[in-house]
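The structure file final38.pdb is reproduced below (PDB, C-alpha atoms, pLDDT in the B column).
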ATOM      1  CA  VAL A   1      81.486  -8.779 109.669  1.00 71.00           C
ATOM      2  CA  TRP A   2      79.993  -5.947 107.641  1.00 71.00           C
ATOM      3  CA  LEU A   3      82.601  -3.457 108.874  1.00 77.00           C
ATOM      4  CA  SER A   4      85.352  -5.988 108.215  1.00 80.00           C
ATOM      5  CA  PHE A   5      84.269  -6.116 104.587  1.00 81.00           C
ATOM      6  CA  TRP A   6      84.566  -2.332 104.385  1.00 80.00           C
ATOM      7  CA  GLY A   7      88.086  -2.579 105.774  1.00 84.00           C
ATOM      8  CA  MET A   8      88.993  -5.258 103.233  1.00 86.00           C
ATOM      9  CA  ALA A   9      87.582  -3.156 100.406  1.00 86.00           C
ATOM     10  CA  ILE A  10      90.010  -0.330 101.161  1.00 89.00           C
ATOM     11  CA  GLY A  11      93.008  -2.455 100.180  1.00 90.00           C
ATOM     12  CA  ASP A  12      91.517  -4.729  97.532  1.00 90.00           C
ATOM     13  CA  PRO A  13      90.279  -3.067  94.308  1.00 92.00           C
ATOM     14  CA  GLU A  14      88.328  -6.141  93.229  1.00 93.00           C
ATOM     15  CA  PHE A  15      86.583  -6.412  96.564  1.00 90.00           C
ATOM     16  CA  ALA A  16      85.998  -2.642  96.563  1.00 91.00           C
ATOM     17  CA  ALA A  17      84.215  -2.980  93.214  1.00 94.00           C
ATOM     18  CA  GLU A  18      82.053  -5.744  94.695  1.00 91.00           C
ATOM     19  CA  GLN A  19      81.159  -3.555  97.672  1.00 90.00           C
ATOM     20  CA  ARG A  20      80.330  -0.586  95.422  1.00 92.00           C
ATOM     21  CA  GLY A  21      78.046  -2.844  93.411  1.00 94.00           C
ATOM     22  CA  ARG A  22      76.261  -4.010  96.533  1.00 92.00           C
ATOM     23  CA  VAL A  23      75.754  -0.446  97.757  1.00 93.00           C
ATOM     24  CA  LEU A  24      74.437   0.627  94.362  1.00 96.00           C
ATOM     25  CA  ASN A  25      72.086  -2.375  94.240  1.00 97.00           C
ATOM     26  CA  THR A  26      70.754  -1.605  97.707  1.00 96.00           C
ATOM     27  CA  ARG A  27      70.270   2.062  96.871  1.00 97.00           C
ATOM     28  CA  LYS A  28      68.397   1.161  93.675  1.00 98.00           C
ATOM     29  CA  ARG A  29      66.152  -1.195  95.644  1.00 98.00           C
ATOM     30  CA  ILE A  30      65.297   1.623  98.062  1.00 96.00           C
ATOM     31  CA  GLU A  31      64.636   3.891  95.096  1.00 97.00           C
ATOM     32  CA  THR A  32      62.277   1.290  93.636  1.00 97.00           C
ATOM     33  CA  VAL A  33      60.308   1.194  96.903  1.00 95.00           C
ATOM     34  CA  LEU A  34      60.096   4.996  96.906  1.00 95.00           C
ATOM     35  CA  ARG A  35      58.862   5.051  93.302  1.00 96.00           C
ATOM     36  CA  THR A  36      56.246   2.422  94.141  1.00 96.00           C
ATOM     37  CA  MET A  37      55.111   4.552  97.066  1.00 93.00           C
ATOM     38  CA  ALA A  38      54.754   7.519  94.701  1.00 94.00           C
ATOM     39  CA  ASP A  39      52.818   5.406  92.211  1.00 95.00           C
ATOM     40  CA  ASN A  40      50.450   4.416  95.038  1.00 94.00           C
ATOM     41  CA  GLY A  41      49.920   8.017  96.144  1.00 92.00           C
ATOM     42  CA  LYS A  42      51.908   7.629  99.353  1.00 90.00           C
ATOM     43  CA  LEU A  43      54.766   9.863  98.262  1.00 90.00           C
ATOM     44  CA  ALA A  44      54.895  12.995  96.149  1.00 88.00           C
ATOM     45  CA  LYS A  45      55.595  12.242  92.482  1.00 88.00           C
ATOM     46  CA  ASP A  46      58.168  15.052  92.253  1.00 89.00           C
ATOM     47  CA  THR A  47      60.361  13.484  94.961  1.00 89.00           C
ATOM     48  CA  ASP A  48      64.082  13.251  94.224  1.00 94.00           C
ATOM     49  CA  PHE A  49      64.134   9.461  94.551  1.00 96.00           C
ATOM     50  CA  ASP A  50      67.894   9.142  94.150  1.00 96.00           C
ATOM     51  CA  LEU A  51      68.618  11.726  96.848  1.00 96.00           C
ATOM     52  CA  ILE A  52      66.149  10.235  99.326  1.00 95.00           C
ATOM     53  CA  ALA A  53      67.474   6.718  98.680  1.00 96.00           C
ATOM     54  CA  ARG A  54      71.024   7.962  99.345  1.00 97.00           C
ATOM     55  CA  GLU A  55      69.915   9.671 102.561  1.00 95.00           C
ATOM     56  CA  LEU A  56      68.049   6.614 103.828  1.00 95.00           C
ATOM     57  CA  LEU A  57      70.867   4.212 103.016  1.00 95.00           C
ATOM     58  CA  THR A  58      73.406   6.478 104.690  1.00 95.00           C
ATOM     59  CA  MET A  59      71.197   6.727 107.757  1.00 94.00           C
ATOM     60  CA  VAL A  60      70.691   2.980 107.978  1.00 93.00           C
ATOM     61  CA  ASN A  61      74.432   2.399 107.622  1.00 92.00           C
ATOM     62  CA  GLY A  62      75.148   4.933 110.361  1.00 93.00           C
ATOM     63  CA  LEU A  63      72.534   3.481 112.674  1.00 95.00           C
ATOM     64  CA  ALA A  64      73.885  -0.018 112.113  1.00 91.00           C
ATOM     65  CA  VAL A  65      77.397   1.103 113.019  1.00 91.00           C
ATOM     66  CA  GLN A  66      76.227   2.923 116.134  1.00 94.00           C
ATOM     67  CA  ALA A  67      73.998   0.061 117.251  1.00 93.00           C
ATOM     68  CA  GLY A  68      76.814  -2.398 116.658  1.00 90.00           C
ATOM     69  CA  PHE A  69      79.231  -0.468 118.839  1.00 91.00           C
ATOM     70  CA  ASP A  70      76.740   0.555 121.529  1.00 96.00           C
ATOM     71  CA  PRO A  71      73.670  -1.676 121.454  1.00 95.00           C
ATOM     72  CA  ALA A  72      72.590  -0.604 124.941  1.00 97.00           C
ATOM     73  CA  ASP A  73      72.240   2.979 123.705  1.00 97.00           C
ATOM     74  CA  TRP A  74      70.443   1.874 120.527  1.00 96.00           C
ATOM     75  CA  PRO A  75      67.681  -0.595 121.419  1.00 96.00           C
ATOM     76  CA  PRO A  76      65.310  -1.550 118.590  1.00 96.00           C
ATOM     77  CA  GLU A  77      62.684   0.989 119.679  1.00 97.00           C
ATOM     78  CA  SER A  78      65.192   3.845 119.419  1.00 96.00           C
ATOM     79  CA  LEU A  79      66.239   2.682 115.963  1.00 96.00           C
ATOM     80  CA  ARG A  80      62.592   2.568 114.860  1.00 96.00           C
ATOM     81  CA  LYS A  81      61.938   6.083 116.204  1.00 96.00           C
ATOM     82  CA  VAL A  82      64.890   7.548 114.310  1.00 95.00           C
ATOM     83  CA  LEU A  83      63.858   5.841 111.081  1.00 92.00           C
ATOM     84  CA  LEU A  84      60.219   6.908 111.446  1.00 92.00           C
ATOM     85  CA  GLN A  85      61.274  10.486 112.101  1.00 93.00           C
ATOM     86  CA  ALA A  86      63.223  10.395 108.842  1.00 90.00           C
ATOM     87  CA  VAL A  87      60.549   8.829 106.646  1.00 87.00           C
ATOM     88  CA  THR A  88      57.371  10.410 108.039  1.00 87.00           C
ATOM     89  CA  PRO A  89      57.992  13.836 106.451  1.00 86.00           C
ATOM     90  CA  LEU A  90      58.390  12.129 103.080  1.00 83.00           C
ATOM     91  CA  THR A  91      54.731  11.167 103.093  1.00 79.00           C
ATOM     92  CA  ALA A  92      53.379  14.486 104.417  1.00 76.00           C
ATOM     93  CA  ASN A  93      52.802  16.024 100.974  1.00 66.00           C
ATOM     94  CA  ALA A  94      51.473  12.975  99.171  1.00 60.00           C
TER      95      ALA A  94
END
Any chance you could put this one into C-alpha coordinates?
Amino acid sequence: VWLSFWGMAIGDPEFAAEQRGRVLNTRKRIETVLRTMADNGKLAKDTDFDLIARELLTMVNGLAVQAGFDPADWPPESLRKVLLQAVTPLTANA
(Lines of atoms letter the chains of each structure in order from A and count residues from 1; the text may use other names and numbers.)
(Lines give C-alpha, C1' and ligand atoms only; values in the text may rest on other atoms or scores of the structure.)
Protein backbone atom coordinates (compact mmCIF):
# COMPACT_ATOMS: atom_id res chain seq x y z
CA VAL A 1 0.00 0.00 0.00
CA TRP A 2 2.79 2.38 0.96
CA LEU A 3 4.57 1.92 -2.38
CA SER A 4 1.27 2.35 -4.21
CA PHE A 5 0.90 5.75 -2.60
CA TRP A 6 4.35 6.71 -3.87
CA GLY A 7 3.31 5.66 -7.36
CA MET A 8 0.11 7.71 -7.12
CA ALA A 9 2.07 10.74 -5.91
CA ILE A 10 4.14 10.79 -9.10
CA GLY A 11 1.10 11.64 -11.23
CA ASP A 12 -1.02 13.63 -8.80
CA PRO A 13 0.40 16.98 -7.58
CA GLU A 14 -2.10 17.24 -4.73
CA PHE A 15 -1.32 13.76 -3.51
CA ALA A 16 2.41 14.43 -3.97
CA ALA A 17 2.09 17.46 -1.67
CA GLU A 18 0.34 15.26 0.90
CA GLN A 19 3.14 12.69 0.71
CA ARG A 20 5.83 15.37 1.04
CA GLY A 21 4.05 16.67 4.13
CA ARG A 22 3.96 13.22 5.67
CA VAL A 23 7.67 12.67 5.00
CA LEU A 24 8.53 16.05 6.48
CA ASN A 25 6.36 15.36 9.54
CA THR A 26 8.03 11.99 10.08
CA ARG A 27 11.49 13.47 9.68
CA LYS A 28 10.69 16.22 12.18
CA ARG A 29 9.43 13.62 14.66
CA ILE A 30 12.72 11.72 14.34
CA GLU A 31 14.59 14.99 14.81
CA THR A 32 12.60 15.67 17.98
CA VAL A 33 13.59 12.27 19.38
CA LEU A 34 17.24 12.98 18.56
CA ARG A 35 17.09 16.39 20.26
CA THR A 36 15.51 14.79 23.33
CA MET A 37 18.31 12.24 23.39
CA ALA A 38 20.84 15.09 23.29
CA ASP A 39 19.02 16.91 26.08
CA ASN A 40 19.22 13.73 28.17
CA GLY A 41 22.95 13.29 27.53
CA LYS A 42 22.51 10.28 25.26
CA LEU A 43 23.61 12.07 22.11
CA ALA A 44 26.19 14.75 21.46
CA LYS A 45 24.70 18.25 21.55
CA ASP A 46 26.56 19.28 18.38
CA THR A 47 24.87 16.55 16.31
CA ASP A 48 23.44 17.60 12.95
CA PHE A 49 19.90 16.55 13.87
CA ASP A 50 18.44 17.25 10.44
CA LEU A 51 21.09 15.19 8.65
CA ILE A 52 20.80 12.24 11.02
CA ALA A 53 16.99 12.32 10.81
CA ARG A 54 17.23 12.27 7.00
CA GLU A 55 19.67 9.35 7.10
CA LEU A 56 17.53 7.33 9.51
CA LEU A 57 14.31 7.94 7.60
CA THR A 58 15.97 7.00 4.32
CA MET A 59 17.33 3.84 5.89
CA VAL A 60 13.98 2.85 7.35
CA ASN A 61 12.28 3.45 4.00
CA GLY A 62 14.90 1.34 2.23
CA LEU A 63 14.65 -1.46 4.75
CA ALA A 64 10.87 -1.45 4.50
CA VAL A 65 11.04 -1.77 0.72
CA GLN A 66 13.59 -4.57 0.87
CA ALA A 67 11.72 -6.44 3.59
CA GLY A 68 8.48 -6.05 1.67
CA PHE A 69 9.94 -7.57 -1.48
CA ASP A 70 12.06 -10.24 0.21
CA PRO A 71 10.84 -10.91 3.74
CA ALA A 72 12.71 -14.21 3.95
CA ASP A 73 16.00 -12.35 3.50
CA TRP A 74 14.98 -9.64 5.99
CA PRO A 75 13.60 -11.27 9.15
CA PRO A 76 12.95 -8.93 12.09
CA GLU A 77 16.29 -9.76 13.74
CA SER A 78 18.21 -8.70 10.62
CA LEU A 79 16.26 -5.45 10.46
CA ARG A 80 17.04 -4.76 14.12
CA LYS A 81 20.76 -5.46 13.60
CA VAL A 82 20.98 -3.03 10.68
CA LEU A 83 19.17 -0.31 12.61
CA LEU A 84 21.30 -0.83 15.73
CA GLN A 85 24.46 -0.67 13.66
CA ALA A 86 23.30 2.69 12.32
CA VAL A 87 22.26 4.26 15.62
CA THR A 88 24.90 2.89 18.01
CA PRO A 89 27.70 5.17 16.73
CA LEU A 90 25.44 8.17 17.32
CA THR A 91 25.61 7.60 21.06
CA ALA A 92 29.34 6.81 21.25
CA ASN A 93 30.42 10.42 21.90
CA ALA A 94 27.65 11.45 24.26
A straight line from CA of Thr26 in chain A to CA of Asn61 in chain A spans 11.3 Å
Counting all atoms listed in the file, what is within 10 Å of range 35-43 of chain A, bar same-chain residues fewer than 3 positions away, as an NGL selection string? :A and (29-32 or 46-50 or 89-94)
Find the axis-aligned box for range 25-28 of chain A, covering all its listed atoms and adding 4 Å on each side, and write its centre and edge lengths in Å to one decimal as lines of an AutoDock Vina configuration file.
center_x = 70.2
center_y = -0.2
center_z = 95.7
size_x = 11.7
size_y = 12.4
size_z = 12.0
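Proximity to range 68-73 of chain A at 12 Å, evaluated using only C-alpha atoms and with sequence-adjacent residues fewer than 6 positions away removed, yields Val1, Trp2, Leu3, Val60, Asn61, Gly62 and Leu79 of chain A.
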For this structure, which residues satisfy the selection - the PyMOL selection byres ((chain A and resi 23) around 12) - when it is evaluated on the file as given? I want them as a VMD selection string. chain A and resid 6 16 to 22 24 to 30 53 to 54 57 to 58 60 to 61
Would you mind completing range 1-12 of chain A to all heavy atoms and writing the output as a PDB file, in the frame of the given file?
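Generated output (out29.pdb):
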ATOM      1  N   VAL A   1      81.126  -8.231 110.956  1.00 71.00           N
ATOM      2  CA  VAL A   1      81.486  -8.779 109.669  1.00 71.00           C
ATOM      3  C   VAL A   1      81.356  -7.710 108.579  1.00 71.00           C
ATOM      4  O   VAL A   1      82.225  -7.555 107.739  1.00 71.00           O
ATOM      5  CB  VAL A   1      80.604 -10.007 109.335  1.00 71.00           C
ATOM      6  CG1 VAL A   1      80.829 -10.482 107.923  1.00 71.00           C
ATOM      7  CG2 VAL A   1      80.851 -11.120 110.326  1.00 71.00           C
ATOM      8  N   TRP A   2      80.267  -6.975 108.647  1.00 71.00           N
ATOM      9  CA  TRP A   2      79.993  -5.947 107.641  1.00 71.00           C
ATOM     10  C   TRP A   2      81.111  -4.914 107.626  1.00 71.00           C
ATOM     11  O   TRP A   2      81.625  -4.550 106.562  1.00 71.00           O
ATOM     12  CB  TRP A   2      78.650  -5.339 107.994  1.00 71.00           C
ATOM     13  CG  TRP A   2      78.078  -4.312 107.100  1.00 71.00           C
ATOM     14  CD1 TRP A   2      78.124  -4.263 105.740  1.00 71.00           C
ATOM     15  CD2 TRP A   2      77.328  -3.173 107.502  1.00 71.00           C
ATOM     16  NE1 TRP A   2      77.444  -3.165 105.279  1.00 71.00           N
ATOM     17  CE2 TRP A   2      76.946  -2.483 106.346  1.00 71.00           C
ATOM     18  CE3 TRP A   2      76.924  -2.683 108.734  1.00 71.00           C
ATOM     19  CZ2 TRP A   2      76.188  -1.324 106.384  1.00 71.00           C
ATOM     20  CZ3 TRP A   2      76.166  -1.534 108.773  1.00 71.00           C
ATOM     21  CH2 TRP A   2      75.822  -0.869 107.607  1.00 71.00           C
ATOM     22  N   LEU A   3      81.521  -4.440 108.805  1.00 77.00           N
ATOM     23  CA  LEU A   3      82.601  -3.457 108.874  1.00 77.00           C
ATOM     24  C   LEU A   3      83.926  -4.054 108.428  1.00 77.00           C
ATOM     25  O   LEU A   3      84.761  -3.362 107.838  1.00 77.00           O
ATOM     26  CB  LEU A   3      82.717  -2.887 110.286  1.00 77.00           C
ATOM     27  CG  LEU A   3      81.557  -2.000 110.729  1.00 77.00           C
ATOM     28  CD1 LEU A   3      81.720  -1.588 112.187  1.00 77.00           C
ATOM     29  CD2 LEU A   3      81.408  -0.792 109.842  1.00 77.00           C
ATOM     30  N   SER A   4      84.128  -5.321 108.683  1.00 80.00           N
ATOM     31  CA  SER A   4      85.352  -5.988 108.215  1.00 80.00           C
ATOM     32  C   SER A   4      85.424  -5.970 106.696  1.00 80.00           C
ATOM     33  O   SER A   4      86.493  -5.765 106.119  1.00 80.00           O
ATOM     34  CB  SER A   4      85.388  -7.435 108.718  1.00 80.00           C
ATOM     35  OG  SER A   4      85.469  -7.459 110.116  1.00 80.00           O
ATOM     36  N   PHE A   5      84.295  -6.169 106.052  1.00 81.00           N
ATOM     37  CA  PHE A   5      84.269  -6.116 104.587  1.00 81.00           C
ATOM     38  C   PHE A   5      84.654  -4.731 104.086  1.00 81.00           C
ATOM     39  O   PHE A   5      85.354  -4.587 103.091  1.00 81.00           O
ATOM     40  CB  PHE A   5      82.895  -6.508 104.041  1.00 81.00           C
ATOM     41  CG  PHE A   5      82.604  -7.982 104.125  1.00 81.00           C
ATOM     42  CD1 PHE A   5      81.303  -8.411 104.294  1.00 81.00           C
ATOM     43  CD2 PHE A   5      83.605  -8.924 104.029  1.00 81.00           C
ATOM     44  CE1 PHE A   5      81.008  -9.764 104.362  1.00 81.00           C
ATOM     45  CE2 PHE A   5      83.326 -10.277 104.098  1.00 81.00           C
ATOM     46  CZ  PHE A   5      82.026 -10.700 104.267  1.00 81.00           C
ATOM     47  N   TRP A   6      84.186  -3.698 104.776  1.00 80.00           N
ATOM     48  CA  TRP A   6      84.566  -2.332 104.385  1.00 80.00           C
ATOM     49  C   TRP A   6      86.076  -2.161 104.496  1.00 80.00           C
ATOM     50  O   TRP A   6      86.705  -1.575 103.625  1.00 80.00           O
ATOM     51  CB  TRP A   6      83.868  -1.312 105.264  1.00 80.00           C
ATOM     52  CG  TRP A   6      82.407  -1.130 104.993  1.00 80.00           C
ATOM     53  CD1 TRP A   6      81.653  -1.758 104.046  1.00 80.00           C
ATOM     54  CD2 TRP A   6      81.536  -0.260 105.684  1.00 80.00           C
ATOM     55  NE1 TRP A   6      80.350  -1.327 104.111  1.00 80.00           N
ATOM     56  CE2 TRP A   6      80.245  -0.404 105.120  1.00 80.00           C
ATOM     57  CE3 TRP A   6      81.700   0.623 106.744  1.00 80.00           C
ATOM     58  CZ2 TRP A   6      79.149   0.313 105.562  1.00 80.00           C
ATOM     59  CZ3 TRP A   6      80.602   1.335 107.186  1.00 80.00           C
ATOM     60  CH2 TRP A   6      79.336   1.178 106.601  1.00 80.00           C
ATOM     61  N   GLY A   7      86.646  -2.669 105.589  1.00 84.00           N
ATOM     62  CA  GLY A   7      88.086  -2.579 105.774  1.00 84.00           C
ATOM     63  C   GLY A   7      88.837  -3.321 104.681  1.00 84.00           C
ATOM     64  O   GLY A   7      89.865  -2.849 104.178  1.00 84.00           O
ATOM     65  N   MET A   8      88.360  -4.484 104.303  1.00 86.00           N
ATOM     66  CA  MET A   8      88.993  -5.258 103.233  1.00 86.00           C
ATOM     67  C   MET A   8      88.911  -4.511 101.904  1.00 86.00           C
ATOM     68  O   MET A   8      89.850  -4.539 101.105  1.00 86.00           O
ATOM     69  CB  MET A   8      88.321  -6.628 103.095  1.00 86.00           C
ATOM     70  CG  MET A   8      88.632  -7.588 104.221  1.00 86.00           C
ATOM     71  SD  MET A   8      87.675  -9.130 104.126  1.00 86.00           S
ATOM     72  CE  MET A   8      87.915  -9.649 102.443  1.00 86.00           C
ATOM     73  N   ALA A   9      87.797  -3.844 101.681  1.00 86.00           N
ATOM     74  CA  ALA A   9      87.582  -3.156 100.406  1.00 86.00           C
ATOM     75  C   ALA A   9      88.573  -2.015 100.199  1.00 86.00           C
ATOM     76  O   ALA A   9      88.903  -1.683  99.057  1.00 86.00           O
ATOM     77  CB  ALA A   9      86.151  -2.638 100.321  1.00 86.00           C
ATOM     78  N   ILE A  10      89.060  -1.436 101.279  1.00 89.00           N
ATOM     79  CA  ILE A  10      90.010  -0.330 101.161  1.00 89.00           C
ATOM     80  C   ILE A  10      91.294  -0.770 100.459  1.00 89.00           C
ATOM     81  O   ILE A  10      91.862  -0.035  99.659  1.00 89.00           O
ATOM     82  CB  ILE A  10      90.316   0.268 102.553  1.00 89.00           C
ATOM     83  CG1 ILE A  10      89.077   0.999 103.064  1.00 89.00           C
ATOM     84  CG2 ILE A  10      91.518   1.208 102.509  1.00 89.00           C
ATOM     85  CD1 ILE A  10      89.165   1.450 104.499  1.00 89.00           C
ATOM     86  N   GLY A  11      91.746  -1.993 100.741  1.00 90.00           N
ATOM     87  CA  GLY A  11      93.008  -2.455 100.180  1.00 90.00           C
ATOM     88  C   GLY A  11      92.908  -3.415  99.014  1.00 90.00           C
ATOM     89  O   GLY A  11      93.930  -3.866  98.490  1.00 90.00           O
ATOM     90  N   ASP A  12      91.699  -3.745  98.598  1.00 90.00           N
ATOM     91  CA  ASP A  12      91.517  -4.729  97.532  1.00 90.00           C
ATOM     92  C   ASP A  12      90.572  -4.156  96.475  1.00 90.00           C
ATOM     93  O   ASP A  12      89.357  -4.120  96.672  1.00 90.00           O
ATOM     94  CB  ASP A  12      90.937  -6.009  98.130  1.00 90.00           C
ATOM     95  CG  ASP A  12      90.758  -7.126  97.123  1.00 90.00           C
ATOM     96  OD1 ASP A  12      90.601  -6.857  95.908  1.00 90.00           O
ATOM     97  OD2 ASP A  12      90.742  -8.291  97.553  1.00 90.00           O
TER      98      ASP A  12
END
